[in-house]
>>> print(open('final12.tsv').read())   # TSV, C-alpha atoms and all ligand atoms
chain	number	residue	atom	x	y	z
A	110	MET	CA	8.12	7.23	-2.81
A	111	LYS	CA	4.41	6.49	-3.07
A	112	PHE	CA	2.03	6.18	-0.12
A	113	PHE	CA	-0.93	3.82	-0.38
A	114	LEU	CA	-3.63	3.39	2.26
A	115	ASP	CA	-4.18	-0.20	3.37
A	116	THR	CA	-7.90	-0.11	4.13
A	117	ALA	CA	-11.38	-0.63	2.69
A	118	ASP	CA	-12.86	2.09	4.90
A	119	VAL	CA	-14.19	4.67	2.44
A	120	ASN	CA	-14.66	7.37	5.10
A	121	GLU	CA	-11.04	7.08	6.22
A	122	ILE	CA	-9.86	7.24	2.59
A	123	ARG	CA	-12.05	10.28	1.84
A	124	GLU	CA	-10.63	12.11	4.86
A	125	LEU	CA	-6.98	11.26	4.20
A	126	VAL	CA	-7.11	11.99	0.45
A	127	GLU	CA	-7.48	15.62	1.56
A	128	THR	CA	-3.89	15.54	2.87
A	129	GLY	CA	-2.61	15.16	-0.70
A	130	LEU	CA	-0.43	12.26	0.46
A	131	VAL	CA	-2.48	9.31	-0.79
A	132	ASP	CA	-1.22	7.86	-4.09
A	133	GLY	CA	-3.25	4.66	-4.05
A	134	VAL	CA	-5.11	2.09	-1.94
A	135	THR	CA	-4.69	-1.59	-1.17
A	136	THR	CA	-7.49	-3.82	0.07
A	137	ASN	CA	-7.65	-7.49	0.97
A	138	PRO	CA	-10.50	-9.86	1.88
A	139	SER	CA	-9.98	-9.27	5.63
A	140	LEU	CA	-10.20	-5.48	5.20
A	141	VAL	CA	-13.34	-5.87	3.04
A	142	ALA	CA	-14.88	-8.07	5.77
A	143	GLN	CA	-14.09	-5.34	8.33
A	144	ALA	CA	-15.82	-2.74	6.14
A	145	GLY	CA	-18.96	-4.93	6.22
A	146	ARG	CA	-20.18	-3.83	2.78
A	147	ARG	CA	-20.52	-5.32	-0.72
A	148	PHE	CA	-17.01	-5.53	-2.22
A	149	GLU	CA	-17.79	-4.04	-5.61
A	150	ASP	CA	-19.67	-1.08	-4.12
A	151	VAL	CA	-16.69	-0.30	-1.90
A	152	LEU	CA	-14.27	-0.75	-4.80
A	153	ILE	CA	-16.19	1.65	-7.07
A	154	GLU	CA	-16.25	4.33	-4.34
A	155	ILE	CA	-12.54	3.96	-3.57
A	156	CYS	CA	-11.61	4.14	-7.27
A	157	GLU	CA	-13.60	7.38	-7.59
A	158	LEU	CA	-11.89	8.91	-4.55
A	159	VAL	CA	-8.33	7.91	-5.48
A	160	PRO	CA	-7.11	8.27	-9.07
A	161	GLY	CA	-4.06	6.08	-8.39
A	162	PRO	CA	-3.83	2.27	-8.24
A	163	VAL	CA	-6.46	0.47	-6.11
A	164	SER	CA	-5.68	-3.17	-5.35
A	165	ALA	CA	-8.61	-5.62	-5.33
A	166	GLU	CA	-7.85	-9.20	-4.35
A	167	VAL	CA	-9.20	-12.32	-6.02
A	168	THR	CA	-10.58	-15.03	-3.74
A	169	ASP	CA	-10.62	-18.06	-6.06
A	170	THR	CA	-7.47	-20.16	-5.68
A	171	THR	CA	-7.46	-21.82	-9.11
A	172	PHE	CA	-5.70	-20.40	-12.18
A	173	GLU	CA	-8.94	-20.26	-14.20
A	174	GLY	CA	-10.89	-18.81	-11.28
A	175	MET	CA	-8.31	-16.10	-10.60
A	176	LEU	CA	-8.25	-15.18	-14.29
A	177	ALA	CA	-12.05	-14.89	-14.40
A	178	GLU	CA	-12.27	-12.88	-11.15
A	179	GLY	CA	-9.33	-10.69	-12.15
A	180	ARG	CA	-10.81	-9.87	-15.56
A	181	HIS	CA	-14.16	-9.10	-13.92
A	182	LEU	CA	-12.72	-6.82	-11.19
A	183	ALA	CA	-10.48	-5.03	-13.72
A	184	LYS	CA	-13.63	-3.82	-15.50
A	185	VAL	CA	-14.93	-2.07	-12.35
A	186	ALA	CA	-12.61	0.93	-12.91
A	187	SER	CA	-9.54	1.77	-14.97
A	188	ASN	CA	-7.35	2.13	-11.86
A	189	VAL	CA	-8.09	-1.32	-10.40
A	190	VAL	CA	-5.02	-3.48	-9.81
A	191	ILE	CA	-5.66	-7.19	-9.38
A	192	LYS	CA	-4.15	-8.75	-6.29
A	193	VAL	CA	-3.23	-12.44	-6.54
A	194	PRO	CA	-1.52	-14.63	-3.93
A	195	LEU	CA	2.06	-15.79	-4.40
A	196	THR	CA	1.19	-19.36	-5.38
A	197	ILE	CA	1.90	-21.29	-8.57
A	198	GLU	CA	-1.69	-20.67	-9.71
A	199	GLY	CA	-1.50	-17.01	-8.70
A	200	LEU	CA	1.71	-16.42	-10.66
A	201	LYS	CA	0.32	-18.18	-13.71
A	202	ALA	CA	-2.70	-15.88	-13.55
A	203	CYS	CA	-0.43	-12.87	-13.01
A	204	ARG	CA	1.47	-13.65	-16.19
A	205	ILE	CA	-1.67	-13.85	-18.32
A	206	LEU	CA	-3.42	-10.83	-16.77
A	207	SER	CA	-0.25	-8.73	-17.12
A	208	ARG	CA	0.02	-9.71	-20.81
A	209	GLU	CA	-3.58	-8.57	-21.24
A	210	GLY	CA	-2.59	-5.14	-19.91
A	211	ILE	CA	-4.14	-5.63	-16.46
A	212	LYS	CA	-1.89	-4.52	-13.59
A	213	VAL	CA	-1.26	-7.19	-10.95
A	214	ASN	CA	-0.09	-6.93	-7.35
A	215	VAL	CA	1.38	-10.22	-6.12
A	216	THR	CA	0.62	-10.44	-2.42
A	217	LEU	CA	1.70	-12.58	0.54
A	218	CYS	CA	5.39	-12.40	-0.40
A	219	PHE	CA	7.65	-13.60	2.43
A	220	SER	CA	10.97	-14.40	0.71
A	221	PRO	CA	13.38	-12.95	-1.88
A	222	ALA	CA	12.94	-16.11	-3.99
A	223	GLN	CA	9.19	-15.46	-4.20
A	224	ALA	CA	9.87	-11.83	-5.18
A	225	ILE	CA	12.07	-12.98	-8.08
A	226	LEU	CA	9.20	-15.15	-9.35
A	227	ALA	CA	6.75	-12.24	-9.16
A	228	ALA	CA	9.08	-10.05	-11.24
A	229	LYS	CA	9.64	-12.79	-13.80
A	230	VAL	CA	5.90	-13.15	-14.47
A	231	GLY	CA	5.54	-9.40	-15.02
A	232	ALA	CA	3.82	-8.29	-11.81
A	233	SER	CA	3.33	-4.53	-11.56
A	234	PHE	CA	3.75	-4.74	-7.77
A	235	VAL	CA	5.06	-7.29	-5.28
A	236	SER	CA	3.89	-7.02	-1.67
A	237	PRO	CA	6.38	-8.23	0.95
A	238	PHE	CA	4.66	-8.44	4.37
A	239	ILE	CA	7.02	-6.85	6.89
A	240	GLY	CA	4.92	-6.92	10.06
A	241	ARG	CA	3.88	-10.54	9.73
A	242	LEU	CA	7.56	-11.58	9.40
A	243	ASP	CA	8.41	-9.52	12.49
A	244	ASP	CA	5.54	-11.28	14.28
A	245	VAL	CA	7.17	-14.70	13.78
A	246	GLY	CA	10.62	-13.51	14.85
A	247	GLU	CA	12.09	-12.80	11.40
A	248	ALA	CA	13.50	-9.41	10.40
A	249	GLY	CA	10.81	-8.20	8.00
A	250	MET	CA	12.78	-5.19	6.83
A	251	THR	CA	15.69	-7.39	5.71
A	252	LEU	CA	13.35	-8.79	3.05
A	253	ILE	CA	12.79	-5.30	1.60
A	254	TYR	CA	16.55	-4.67	1.43
A	255	GLU	CA	17.10	-8.04	-0.28
A	256	ILE	CA	14.41	-7.49	-2.91
A	257	VAL	CA	15.67	-3.95	-3.66
A	258	GLU	CA	19.20	-5.34	-4.10
A	259	ILE	CA	18.06	-8.16	-6.39
A	260	TYR	CA	15.76	-6.05	-8.57
A	261	ARG	CA	18.51	-3.44	-9.05
A	262	ASN	CA	20.66	-6.16	-10.66
A	263	TYR	CA	18.06	-6.70	-13.40
A	264	PRO	CA	16.82	-3.60	-15.24
A	265	GLU	CA	14.29	-5.79	-17.07
A	266	PHE	CA	12.47	-6.28	-13.74
A	267	THR	CA	9.92	-3.46	-13.70
A	268	THR	CA	7.96	-4.72	-10.68
A	269	GLU	CA	7.53	-2.10	-7.96
A	270	ILE	CA	8.27	-3.13	-4.38
A	271	LEU	CA	5.22	-2.38	-2.26
A	272	ALA	CA	6.09	-2.69	1.43
A	273	ALA	CA	3.00	-4.10	3.16
A	274	SER	CA	1.89	-5.25	6.62
A	275	ILE	CA	3.12	-1.94	8.01
A	276	ARG	CA	2.51	-1.55	11.72
A	277	HIS	CA	4.19	1.72	12.75
A	278	PRO	CA	6.07	4.80	11.42
A	279	ILE	CA	9.50	3.17	11.71
A	280	HIS	CA	8.40	0.57	9.17
A	281	VAL	CA	7.65	3.46	6.78
A	282	VAL	CA	10.97	5.18	7.41
A	283	ASP	CA	12.97	1.97	7.08
A	284	SER	CA	11.12	1.01	3.88
A	285	ALA	CA	12.09	4.41	2.45
A	286	ARG	CA	15.71	3.89	3.51
A	287	ALA	CA	15.72	0.47	1.86
A	288	GLY	CA	14.37	1.90	-1.39
A	289	ALA	CA	10.83	0.45	-1.52
A	290	HIS	CA	8.84	2.15	-4.30
A	291	VAL	CA	5.59	2.13	-2.33
A	292	VAL	CA	4.51	1.74	1.28
A	293	THR	CA	0.93	0.76	2.02
A	294	MET	CA	-0.11	1.65	5.53
A	295	PRO	CA	-3.21	1.65	7.73
A	296	PRO	CA	-4.78	5.13	8.13
A	297	LYS	CA	-3.59	5.21	11.75
A	298	VAL	CA	0.06	4.93	10.67
A	299	LEU	CA	-0.28	7.75	8.11
A	300	ARG	CA	-1.64	9.98	10.89
A	301	GLN	CA	1.19	8.92	13.22
A	302	LEU	CA	3.78	10.08	10.66
A	303	TYR	CA	2.89	13.71	11.40
A	304	ASN	CA	3.49	13.43	15.12
A	305	HIS	CA	6.43	14.62	17.17
A	306	PRO	CA	6.06	15.94	20.74
A	307	LEU	CA	8.62	18.68	20.07
A	308	THR	CA	6.44	19.99	17.21
A	309	ASP	CA	3.48	20.33	19.61
A	310	LYS	CA	5.64	21.84	22.36
A	311	GLY	CA	7.35	24.26	19.99
A	312	LEU	CA	4.08	25.41	18.43
A	313	SER	CA	2.52	25.99	21.82
A	314	ALA	CA	5.51	28.14	22.90
A	315	PHE	CA	5.42	30.17	19.66
A	316	LEU	CA	1.70	30.84	20.04
A	317	ASN	CA	2.04	31.87	23.71
A	318	ASP	CA	4.82	34.34	22.86
A	319	TRP	CA	2.84	35.70	19.90
A	320	LYS	CA	-0.18	36.29	22.14
A	321	LYS	CA	1.97	38.47	24.40
A	322	THR	CA	2.72	40.82	21.48
A	323	GLY	CA	-1.00	41.64	21.11
A	324	GLN	CA	-0.57	41.63	17.33
A	325	LYS	CA	-2.64	39.97	14.57
A	326	ILE	CA	-1.32	39.13	11.12
A	327	LEU	CA	-4.70	39.73	9.51
A	328	ALA	CA	-6.72	42.70	10.75
A	329	ARG	CA	-10.28	41.50	11.39
B	1	LIG	O1	-2.89	-5.67	2.75
B	1	LIG	C1	-1.86	-6.54	3.03
B	1	LIG	C2	-1.13	-6.25	4.32
B	1	LIG	O2	-0.75	-4.91	4.37
B	1	LIG	C3	-1.82	-6.74	5.55
B	1	LIG	O3	-1.24	-6.27	6.73
B	1	LIG	O4	-1.37	-5.88	9.16
B	1	LIG	O5	-2.83	-7.64	8.12
B	1	LIG	O6	-0.36	-7.97	8.35
B	1	LIG	P1	-1.47	-6.99	8.15
>>> encode(input="final12.tsv", output="structure tokens", more="lines below")
Ligand code: G3P
Amino acid sequence: MKFFLDTADVNEIRELVETGLVDGVTTNPSLVAQAGRRFEDVLIEICELVPGPVSAEVTDTTFEGMLAEGRHLAKVASNVVIKVPLTIEGLKACRILSREGIKVNVTLCFSPAQAILAAKVGASFVSPFIGRLDDVGEAGMTLIYEIVEIYRNYPEFTTEILAASIRHPIHVVDSARAGAHVVTMPPKVLRQLYNHPLTDKGLSAFLNDWKKTGQKILAR
């Protein structure tokens, strides 16, 4: 299972790459706005920090505009993946860009029907938004299970399921149980994955007992 960071914050990415757990990055226009910097500058820095796929989203909504923006962004670095919305125009652009050898992440997926369309046009990734479905009272994780089930029926579907809109560690665990290929998560959630109070309590007890022995493993 691959872990992507869902952020355009270069400092956060630089810090978390050190964990060895970051396989890629996803950005979107809202995350770029939060970063408050020029998009292409941020994209170049992220692509240098992370050798894996880095999603960069187009902002034009027309087929021709998405093609032009996608082709332009794909030239920024060899690991750029173009993110297009799950619209008719977006899927038309996905089909052409994919045929040109440019990887595409189809975003804003909220139904299994939409995920079938993304696979049929050759998307490299489809991004079902779990948290936003939960927010409107739908079971977001059910969508991941449904897409995994459908894609398994068709070996010709090579699209990877990228669980997005992740809000907490249980979303990560449940995405893994469902069989998502990738989970993209905010930096905060990646840090939360390490935590368990019994780990802290246990470590503290071990260190207290060790202190009582008066020993050191390395003589200094
Ligand atoms: O990057 C797409 C997705 O992960 C956004 O998540 O938290 O804004 O619903 P969120």
>>> closest_residue(input="final12.tsv", among="A:Ala328, A:Leu130, A:Leu316, A:Val298", to="ligand LIG 1 (chain B)", atoms="only C-alpha atoms and all ligand atoms")
A:Val298
>>> closest_atom_pairs(input="final12.tsv", of="chain A", to="ligand LIG 1 (chain B)", cutoff="6 Å", atoms="only C-alpha atoms and all ligand atoms", output="tab-separated table")
residue	atom	partner	partner_atom	distance
A:Asp115	CA	B:LIG1	O1	5.7
A:Thr135	CA	B:LIG1	O1	5.9
A:Thr136	CA	B:LIG1	O1	5.6
A:Asn137	CA	B:LIG1	O1	5.4
A:Gly240	CA	B:LIG1	O6	5.6
A:Arg241	CA	B:LIG1	O6	5.1
A:Ala273	CA	B:LIG1	O2	4.0
A:Ser274	CA	B:LIG1	O3	3.3
>>> closest_residue(input="final12.tsv", among="A:Asp132, A:Asp150, A:Glu166, A:Glu157", to="A:Phe113", atoms="all atoms listed in the file")
A:Asp132
>>> atom_distance(input="final12.tsv", atom1="atom CA of A:Thr267", atom2="atom CA of A:Leu200")
15.6 Å
>>> residues_near_point(input="final12.tsv", point="(-10.3, 9.7, -8.9)", cutoff="12 Å", atoms="only C-alpha atoms", output="list in words")
Ile122, Arg123, Val126, Val131, Asp132, Gly133, Val134, Leu152, Ile153, Glu154, Ile155, Cys156, Glu157, Leu158, Val159, Pro160, Gly161, Pro162, Val163, Ala186, Ser187, Asn188 and Val189 of chain A
>>> closest_residue(input="final12.tsv", among="A:Thr116, A:Asn214, A:Thr128, A:Gln143", to="A:Ser164", atoms="only C-alpha atoms")
A:Asn214
>>> residues_around(input="final12.tsv", residues="A:Arg276", least_positions_apart="5", cutoff="12 Å", atoms="only C-alpha atoms", output="number ranges by chain")
A: 115, 238-244, 249-250, 281-284, 292-299, 301-302
>>> residues_near_point(input="final12.tsv", point="(-1.7, -6.1, -18.0)", cutoff="12 Å", atoms="all atoms listed in the file", output="list in words")
Leu176, Gly179, Arg180, Ala183, Ser187, Asn188, Val189, Val190, Ile191, Ala202, Cys203, Arg204, Ile205, Leu206, Ser207, Arg208, Glu209, Gly210, Ile211, Lys212, Val213, Asn214, Val230, Gly231, Ala232, Ser233 and Phe234 of chain A
>>> residues_around(input="final12.tsv", residues="stretch 223-228 of chain A", least_positions_apart="2", cutoff="10 Å", atoms="all atoms listed in the file", output="MDAnalysis selection string")
chainID A and resid 195:197 199:201 203:204 213:221 230:237 252:253 255:257 259:260 263 265:270
>>> atom_distance(input="final12.tsv", atom1="atom CA of A:Glu149", atom2="atom CA of A:Ala165")
9.3 Å
>>> atom_distance(input="final12.tsv", atom1="atom CA of A:Gly145", atom2="atom CA of A:His277")
25.0 Å
